[in-house]
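Inspection log for the structure reproduced underneath, given as C-alpha cells.
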Amino acid sequence: MSLSPQILLSKTVREKCVAKFKELPSYIQPGNLLKPRAAVLVPLFIQNGEVHLLYTLRSSNLKNHSGQVSFPGGKVDENESLIETALRETHEEIGVPPSSVNVWGEMPPMQGRDGNILITPVVGVITDLDVKKLNPNIHEVAEIFSVSMSSFCNKNNHAHFKYNDIILPVYLSANHRIWGITGFITHMFLQCFLPKELYKVDFTRKEFTLDELMPSKL
C-alpha cells in the first residue's frame, strides 16, 4: 500500500480508519468522566501531492500551553456538539470555514496533561487548502505548519520523553517538536490511518527532557 492521497483519502481507508477509532482503548480514569469538555480538529489535507496533517503553534501571549504545538480546538460551548466545537474553533483560529471540512468522525476522548479537561479529537479532511492563504488569529496562533505522512513514517523523526515513567511520542519536524497530548493524539490517529507496514515507529531512538521540550521564555 502506498501513501498516495488517492488511496489514503479513499472511502475504503476512511471506513477502516473510523472503525479503528472505536477499537482504541480509553485513557480516562472513571472519576474524570464529568470533567469539562474540549474538542480539537485533526486536519488532513493534500499538499504537493501528499497527505499532510495541519498544526498550529500557539501564541506566546496565551495563558495555557503558550508557544506549544497544537491542533486547532478549544472548550465546548453550551448546547454545542464536539464536532461543532472543533469546526468553530478551527474557523476562529485559522480561518477555515466549517463547509470546507469533510468530517470523518470522533476519536475517543483523552485527558489533558493536568487531568482537568477531556479532549475529543475530531478527524476531518480540509478540501482545496492553501496554507499560505490561511488567515490565522494572531492573538491565538503564532504559526501554521504541516507535516507529511512520509515524514511521520521516517524513524529519524521519532523521539520520546518520559512522563511518570511512561514513554510518550515526540515527532521532529523542521523547527518544531510535536509532543504532549498533541503528539499522543497524532500517534493514536496514525495507528488507525496508516498501513502498519509503512508506519513503523521507533520512539526510543532519542529522548528529550521536559525542559528541552518546553518553549523558551526568553
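In the C-alpha cells, chains take the letters A, B, ... in the order shown, each chain's residues start at 1, and ligands count up from 1 in the order shown.
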
> Per DSSP on the backbone, what are the alpha helix (DSSP H) residues of segment 155-202 of chain A, as an MDAnalysis selection string?
Replying inline: chainID A and resid 180:193

Any chance you could tabulate, as a tab-separated table, the residues of segment 99-164 of chain A at most 9 Å from segment 185-208 of chain A with each one's nearest atom pair and distance in Å to one decimal, using only C-alpha atoms, in chain and rising number order?
```
residue	atom	partner	partner_atom	distance
A:Met107	CA	A:Phe189	CA	8.0
A:Met110	CA	A:Ile185	CA	8.4
A:Pro121	CA	A:Ile185	CA	7.3
A:Val123	CA	A:Phe189	CA	8.5
A:Met149	CA	A:Leu194	CA	8.3
A:Ser150	CA	A:Leu198	CA	8.8
A:Phe152	CA	A:Tyr199	CA	7.4
A:Cys153	CA	A:Tyr199	CA	4.9
A:Asn154	CA	A:Tyr199	CA	8.2
A:Lys155	CA	A:Asp202	CA	5.8
A:Asn156	CA	A:Arg205	CA	8.2
A:Asn157	CA	A:Phe203	CA	8.7
A:His158	CA	A:Phe203	CA	5.0
A:Ala159	CA	A:Phe203	CA	4.3
A:His160	CA	A:Glu207	CA	5.0
A:Phe161	CA	A:Phe208	CA	5.0
A:Lys162	CA	A:Phe208	CA	8.0
```

>> From the options A:Asp165, A:Glu212, A:Glu80, A:Glu92, which residue's atoms come nearest to Val141 of chain A, counting only C-alpha atoms?
In response: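 The closest residue to Val141 of chain A is A:Glu92.
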
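Counting only C-alpha atoms and comparing A:Gly112, A:Pro25, A:Gly124, A:Pro5, the residue that lies closest to Thr182 of chain A is A:Gly112.
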
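With atom CA of Phe184 of chain A on one side and atom CA of Leu44 of chain A on the other, the separation reads 16.5 Å.
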
> In Å to one decimal, how far is atom CA of Ala86 of chain A from atom CA of Lys20 of chain A?
Replying inline: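 Calculated distance between atom CA of Lys20 of chain A and atom CA of Ala86 of chain A is 20.5 Å.
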